[in-house]
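The file structure01.tsv contains TSV, C-alpha atoms:
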chain	number	residue	atom	x	y	z
A	596	MET	CA	58.47	29.81	193.98
A	597	SER	CA	60.93	32.67	193.74
A	598	GLN	CA	60.39	36.01	192.06
A	599	ILE	CA	63.36	37.03	189.97
A	600	SER	CA	64.12	40.00	187.75
A	601	ILE	CA	66.56	39.71	184.87
A	602	THR	CA	67.15	42.36	182.24
A	603	VAL	CA	66.86	40.42	178.99
A	604	ASN	CA	67.82	42.22	175.78
A	605	GLY	CA	67.30	45.54	177.57
A	606	ILE	CA	63.86	44.70	179.01
A	607	VAL	CA	63.37	43.86	182.68
A	608	GLN	CA	61.69	40.47	182.94
A	609	THR	CA	60.18	39.73	186.37
A	610	HIS	CA	58.63	36.31	186.83
A	611	GLU	CA	57.83	33.74	189.50
A	612	VAL	CA	59.91	30.62	188.93
A	613	GLU	CA	60.68	27.43	190.74
A	614	PRO	CA	64.19	27.61	192.21
A	615	ARG	CA	65.28	24.72	189.95
A	616	THR	CA	64.27	26.51	186.72
A	617	LEU	CA	67.14	26.62	184.26
A	618	LEU	CA	68.03	29.94	182.66
A	619	VAL	CA	67.31	28.52	179.19
A	620	LYS	CA	63.80	27.50	180.33
A	621	PHE	CA	63.26	30.96	181.85
A	622	LEU	CA	64.21	32.57	178.53
A	623	ARG	CA	62.10	30.24	176.41
A	624	GLU	CA	59.03	29.74	178.61
A	625	HIS	CA	58.76	32.96	180.61
A	626	CYS	CA	60.24	35.47	178.15
A	627	GLY	CA	59.13	33.83	174.89
A	628	LEU	CA	62.67	33.93	173.48
A	629	THR	CA	63.35	30.66	171.69
A	630	GLY	CA	66.68	31.45	170.04
A	631	ALA	CA	68.69	29.70	172.75
A	632	HIS	CA	68.15	26.04	171.93
A	633	VAL	CA	68.14	23.08	174.28
A	634	GLY	CA	70.39	20.50	172.75
A	635	CYS	CA	71.84	18.47	175.61
A	636	ASP	CA	71.07	19.83	179.13
A	637	THR	CA	74.63	18.89	180.08
A	638	THR	CA	76.67	21.91	178.85
A	639	GLN	CA	78.17	19.82	176.03
A	640	CYS	CA	76.73	21.33	172.84
A	641	GLY	CA	76.60	25.11	173.39
A	642	CYS	CA	73.28	25.60	171.53
A	643	CYS	CA	71.98	27.48	174.57
A	644	THR	CA	74.84	30.00	174.82
A	645	VAL	CA	73.79	33.51	175.87
A	646	HIS	CA	75.65	36.41	177.43
A	647	LEU	CA	75.20	37.08	181.13
A	648	ASP	CA	76.66	40.38	182.27
A	649	GLY	CA	78.77	40.46	179.11
A	650	ARG	CA	80.19	36.91	179.29
A	651	ALA	CA	79.16	33.84	177.32
A	652	VAL	CA	77.43	31.22	179.48
A	653	LYS	CA	75.60	28.01	178.72
A	654	SER	CA	72.09	28.64	179.91
A	655	CYS	CA	71.12	24.95	180.12
A	656	THR	CA	73.21	24.35	183.22
A	657	MET	CA	72.65	27.65	185.00
A	658	LEU	CA	69.70	28.31	187.24
A	659	ALA	CA	67.59	31.34	186.46
A	660	VAL	CA	67.85	32.45	190.11
A	661	GLN	CA	71.64	32.67	189.63
A	662	ALA	CA	71.03	35.33	186.98
A	663	ASP	CA	68.65	37.34	189.19
A	664	GLY	CA	69.57	41.02	188.89
A	665	GLY	CA	71.80	40.33	185.90
A	666	GLN	CA	71.71	41.37	182.27
A	667	VAL	CA	71.23	38.69	179.64
A	668	THR	CA	71.65	39.10	175.91
A	669	THR	CA	70.22	36.40	173.66
A	670	ILE	CA	70.55	35.97	169.92
A	671	GLU	CA	67.27	37.93	169.60
A	672	GLY	CA	68.93	40.92	171.28
A	673	LEU	CA	72.07	40.86	169.18
A	674	GLY	CA	70.64	42.22	165.96
A	675	SER	CA	67.40	42.44	164.05
A	676	PRO	CA	66.18	41.16	160.68
A	677	THR	CA	66.75	44.61	159.18
A	678	GLN	CA	69.97	45.41	161.09
A	679	MET	CA	71.97	42.26	161.66
A	680	HIS	CA	74.92	42.23	164.02
A	681	PRO	CA	78.26	42.00	162.15
A	682	MET	CA	78.72	38.44	163.48
A	683	GLN	CA	75.34	37.43	162.05
A	684	GLU	CA	76.30	39.04	158.73
A	685	ALA	CA	79.65	37.23	158.75
A	686	PHE	CA	77.97	33.87	159.38
A	687	GLN	CA	75.72	34.56	156.40
A	688	GLN	CA	78.53	35.79	154.14
A	689	HIS	CA	80.86	32.88	155.00
A	690	HIS	CA	78.08	30.25	154.78
A	691	ALA	CA	78.84	29.33	158.40
A	692	LEU	CA	75.55	27.58	159.01
A	693	GLN	CA	73.56	24.75	157.60
A	694	CYS	CA	70.66	23.39	159.63
A	695	GLY	CA	70.86	26.39	161.98
A	696	TYR	CA	70.29	24.57	165.26
A	697	CYS	CA	73.73	25.41	166.69
A	698	THR	CA	73.95	28.81	165.00
A	699	PRO	CA	72.59	31.02	167.82
A	700	GLY	CA	75.04	29.51	170.30
A	701	MET	CA	77.92	29.68	167.82
A	702	ILE	CA	77.21	33.34	167.09
A	703	MET	CA	76.99	34.22	170.78
A	704	GLN	CA	80.24	32.34	171.47
A	705	GLY	CA	81.85	34.04	168.45
A	706	VAL	CA	80.94	37.47	169.79
A	707	ASP	CA	82.52	36.52	173.12
A	708	ILE	CA	85.68	35.26	171.40
A	709	VAL	CA	86.05	38.57	169.54
A	710	ARG	CA	85.23	40.60	172.66
A	711	ARG	CA	88.05	38.86	174.52
A	712	GLY	CA	90.49	39.55	171.65
A	713	LEU	CA	90.99	35.88	170.76
A	714	ALA	CA	89.92	35.95	167.11
A	715	GLY	CA	93.37	36.49	165.63
A	716	ASP	CA	94.47	32.85	165.47
A	717	GLU	CA	92.48	30.02	163.87
A	718	ARG	CA	93.78	27.47	166.41
A	719	VAL	CA	92.65	29.67	169.30
A	720	ILE	CA	89.20	30.16	167.75
A	721	ARG	CA	88.86	26.40	167.31
A	722	HIS	CA	89.92	25.85	170.92
A	723	GLU	CA	87.40	28.43	172.15
A	724	LEU	CA	84.64	26.71	170.15
A	725	GLU	CA	85.30	23.29	171.69
A	726	GLY	CA	82.20	23.57	173.89
A	727	ASN	CA	79.96	24.33	170.90
A	728	LEU	CA	79.05	21.43	168.65
A	729	CYS	CA	77.97	21.56	165.03
A	730	ARG	CA	77.01	18.33	163.37
A	731	CYS	CA	76.71	19.81	159.87
A	732	THR	CA	79.57	22.09	158.85
A	733	GLY	CA	83.02	20.95	159.87
A	734	TYR	CA	83.63	24.38	161.47
A	735	GLN	CA	85.91	25.95	158.85
A	736	ASN	CA	83.38	28.55	157.73
A	737	ILE	CA	82.41	29.27	161.34
A	738	VAL	CA	86.06	29.91	162.20
A	739	GLU	CA	86.43	32.14	159.12
A	740	ALA	CA	83.34	34.17	160.07
A	741	ILE	CA	84.59	34.77	163.61
A	742	ALA	CA	88.08	35.68	162.38
A	743	ASP	CA	86.57	38.06	159.82
A	744	VAL	CA	84.67	40.00	162.51
A	745	GLY	CA	87.78	40.01	164.68
A	746	ARG	CA	89.73	41.63	161.83
A	747	ARG	CA	87.10	44.04	160.49
A	748	CYS	CA	85.10	45.26	163.46
A	749	PRO	CA	86.01	43.89	166.90
A	750	GLU	CA	84.39	46.92	168.51
A	751	SER	CA	80.99	45.57	167.38
A	752	CYS	CA	81.51	42.79	169.93
A	753	GLY	CA	82.80	45.03	172.69
A	754	GLY	CA	86.42	44.31	171.82
A	755	ALA	CA	89.19	46.71	170.98
A	756	ARG	CA	90.55	47.29	167.51
A	757	ARG	CA	94.19	46.27	167.46
A	758	THR	CA	96.63	48.74	166.04
A	759	ALA	CA	99.86	47.86	164.30
A	760	GLU	CA	102.95	48.17	166.44
A	761	VAL	CA	105.17	51.10	165.57
Encoded form using C-alpha cells:
Amino acid sequence: MSQISITVNGIVQTHEVEPRTLLVKFLREHCGLTGAHVGCDTTQCGCCTVHLDGRAVKSCTMLAVQADGGQVTTIEGLGSPTQMHPMQEAFQQHHALQCGYCTPGMIMQGVDIVRRGLAGDERVIRHELEGNLCRCTGYQNIVEAIADVGRRCPESCGGARRTAEV
C-alpha cells in the first residue's frame, strides 16, 4: 500500500491505496466523488475526464500514485447546484446532454478546450472531442455549448478573452 495526497477540488485527500489503483477509482471510492464515470477503462470514451494540474486527463488509465502531490478538479468542483460553471450552464442552455453519462467528461474536456483557446472553430472543437464519446446526441449541441463559452466568457475556463485586431 502507498499513502498518497492529492488536492481534490481544493481539499487535500490523503489515503492508503494499492499502487495499481486508478485515479478514477481513487476519486470514486476514496473521495466519494462519483461524477467521473467509468465507461471503458481503455481511455476511449472520456467519461472519466478530470483536470490534473489544470490539464484534462482521462482518469481511467492513470494511476492515482501518478497524481500524488497534484491538484485534481472533478465535475463536482467545477460549479455547484446554485452556482453552475458557465460551461455547465451552456450545456443546459444548448440542450447538450441527453442521458448524462458522458456529460461530466464532455464538460471537463470543453473547459480544457476553451482554456487552450481552441473553441473558435467548430472543426477544431470536434477534433478535440474525438476522445469523448456520446451515444445519444450527435455532438452538434455539445459543440455549440463549448463554442458559446469560448465566445462569451473564456476567462471562466482559465483562457484569455480574444480582442479584435486593430
**OP:** Pick out the closest residue to A:Ser654 from this set: A:Pro614, A:Gly695, A:Gly705, A:Gly700. Count all atoms listed in the file.
**Re:**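 Going through A:Pro614, A:Gly695, A:Gly705, A:Gly700 one by one, the smallest distance to A:Ser654 is for A:Gly700.
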Closest contacts (stretch 622-717 of chain A/stretch 743-754 of chain A, max 10 Å, only C-alpha atoms) as a tab-separated table:
residue	atom	partner	partner_atom	distance
A:Gly649	CA	A:Gly753	CA	8.9
A:Leu673	CA	A:Cys752	CA	9.7
A:His680	CA	A:Ser751	CA	7.7
A:Pro681	CA	A:Val744	CA	6.7
A:Met682	CA	A:Val744	CA	6.2
A:Gln683	CA	A:Val744	CA	9.7
A:Glu684	CA	A:Val744	CA	9.2
A:Ala685	CA	A:Val744	CA	6.9
A:Phe686	CA	A:Asp743	CA	9.6
A:His689	CA	A:Asp743	CA	9.1
A:Met703	CA	A:Cys752	CA	9.7
A:Gly705	CA	A:Val744	CA	8.9
A:Val706	CA	A:Cys752	CA	5.4
A:Asp707	CA	A:Cys752	CA	7.1
A:Ile708	CA	A:Gly745	CA	8.5
A:Val709	CA	A:Gly745	CA	5.4
A:Arg710	CA	A:Gly754	CA	4.0
A:Arg711	CA	A:Gly754	CA	6.3
A:Gly712	CA	A:Gly754	CA	6.3
A:Leu713	CA	A:Gly745	CA	8.0
A:Ala714	CA	A:Gly745	CA	5.2
A:Gly715	CA	A:Gly745	CA	6.7
A:Asp716	CA	A:Gly745	CA	9.8
Same residues, C-alpha atoms, saved as a PDB file, in the frame of the given file:
ATOM      1  CA  GLY A 649      78.770  40.460 179.110  1.00  0.00           C
ATOM      2  CA  LEU A 673      72.070  40.860 169.180  1.00  0.00           C
ATOM      3  CA  HIS A 680      74.920  42.230 164.020  1.00  0.00           C
ATOM      4  CA  PRO A 681      78.260  42.000 162.150  1.00  0.00           C
ATOM      5  CA  MET A 682      78.720  38.440 163.480  1.00  0.00           C
ATOM      6  CA  GLN A 683      75.340  37.430 162.050  1.00  0.00           C
ATOM      7  CA  GLU A 684      76.300  39.040 158.730  1.00  0.00           C
ATOM      8  CA  ALA A 685      79.650  37.230 158.750  1.00  0.00           C
ATOM      9  CA  PHE A 686      77.970  33.870 159.380  1.00  0.00           C
ATOM     10  CA  HIS A 689      80.860  32.880 155.000  1.00  0.00           C
ATOM     11  CA  MET A 703      76.990  34.220 170.780  1.00  0.00           C
ATOM     12  CA  GLY A 705      81.850  34.040 168.450  1.00  0.00           C
ATOM     13  CA  VAL A 706      80.940  37.470 169.790  1.00  0.00           C
ATOM     14  CA  ASP A 707      82.520  36.520 173.120  1.00  0.00           C
ATOM     15  CA  ILE A 708      85.680  35.260 171.400  1.00  0.00           C
ATOM     16  CA  VAL A 709      86.050  38.570 169.540  1.00  0.00           C
ATOM     17  CA  ARG A 710      85.230  40.600 172.660  1.00  0.00           C
ATOM     18  CA  ARG A 711      88.050  38.860 174.520  1.00  0.00           C
ATOM     19  CA  GLY A 712      90.490  39.550 171.650  1.00  0.00           C
ATOM     20  CA  LEU A 713      90.990  35.880 170.760  1.00  0.00           C
ATOM     21  CA  ALA A 714      89.920  35.950 167.110  1.00  0.00           C
ATOM     22  CA  GLY A 715      93.370  36.490 165.630  1.00  0.00           C
ATOM     23  CA  ASP A 716      94.470  32.850 165.470  1.00  0.00           C
TER      24      ASP A 716
END
Spatial neighbours of A:Leu617, 8 Å, all atoms listed in the file, chain gap at least 3 places, as a compact mmCIF listing (two decimals) with C-alpha atoms, in the coordinates of the input:
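The result, written out as part_27.txt:
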# COMPACT_ATOMS: atom_id res chain seq x y z
CA LYS A 620 63.80 27.50 180.33
CA PHE A 621 63.26 30.96 181.85
CA SER A 654 72.09 28.64 179.91
CA CYS A 655 71.12 24.95 180.12
CA THR A 656 73.21 24.35 183.22
CA MET A 657 72.65 27.65 185.00
CA LEU A 658 69.70 28.31 187.24
CA ALA A 659 67.59 31.34 186.46
Original post:
Which neighbours of A:Thr644 fall inside 10 Å, counting all atoms listed in the file, when residues of the same chain fewer than 2 positions from it are skipped, and could you give them as JSON, numbers by chain?
Top reply: {"A": [619, 630, 631, 632, 633, 638, 640, 641, 642, 646, 647, 650, 651, 652, 653, 654, 655, 668, 669, 670, 697, 698, 699, 700, 701, 702, 703, 704, 726, 727]}
Original post:
By how many Å are atom CA of A:Cys729 and atom CA of A:Gly634 apart?
Top reply: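 Answer for the atom CA of A:Cys729 to atom CA of A:Gly634 separation: 10.9 Å.
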**OP:** Could you check how far atom CA of A:Glu717 sits from atom CA of A:Val738, in Å to one decimal?
**Re:**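 Atom-to-atom, atom CA of A:Glu717 and atom CA of A:Val738 are spaced 6.6 Å apart.
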Subject >> Selected residue of minimal separation from A:Tyr696 among A:Cys643, A:Ala742, A:Val660, A:Val719, counting all atoms listed in the file >> reply: A:Cys643
**OP:** Report the distance between atom CA of A:Ser597 and atom CA of A:Val645 in Å, rounded to one decimal place.
**Re:**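 Between atom CA of A:Ser597 and atom CA of A:Val645 the gap is 22.0 Å.
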Go ahead and fit an axis-aligned box to every listed atom of stretch 744-754 of chain A plus 8 Å each side, and pass me the centre and edge lengths in Å, one decimal, as AutoDock Vina command-line options.
--center_x 85.4 --center_y 43.5 --center_z 166.6 --size_x 24.7 --size_y 22.9 --size_z 28.2
Original post:
With only C-alpha atoms as the basis for distance, which of A:Asp663, A:Cys635, A:Asp648, A:Ile741 is at the shortest distance from A:Glu611?
Top reply: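 Among the listed residues, A:Asp663 lies closest to A:Glu611.
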Original post:
From the list A:Glu725, A:Asp636, A:Glu671, A:Glu624, which residue is nearest A:Gly605 when using only C-alpha atoms?
Top reply: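 Between A:Glu725, A:Asp636, A:Glu671, A:Glu624, the residue approaching A:Gly605 most closely is A:Glu671.
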Original post:
Closest to A:Thr629 among A:His690, A:Gly672, A:Tyr734, A:Ile720, using only C-alpha atoms?
Top reply: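 With only C-alpha atoms as the atom set, the closest residue is A:Gly672.
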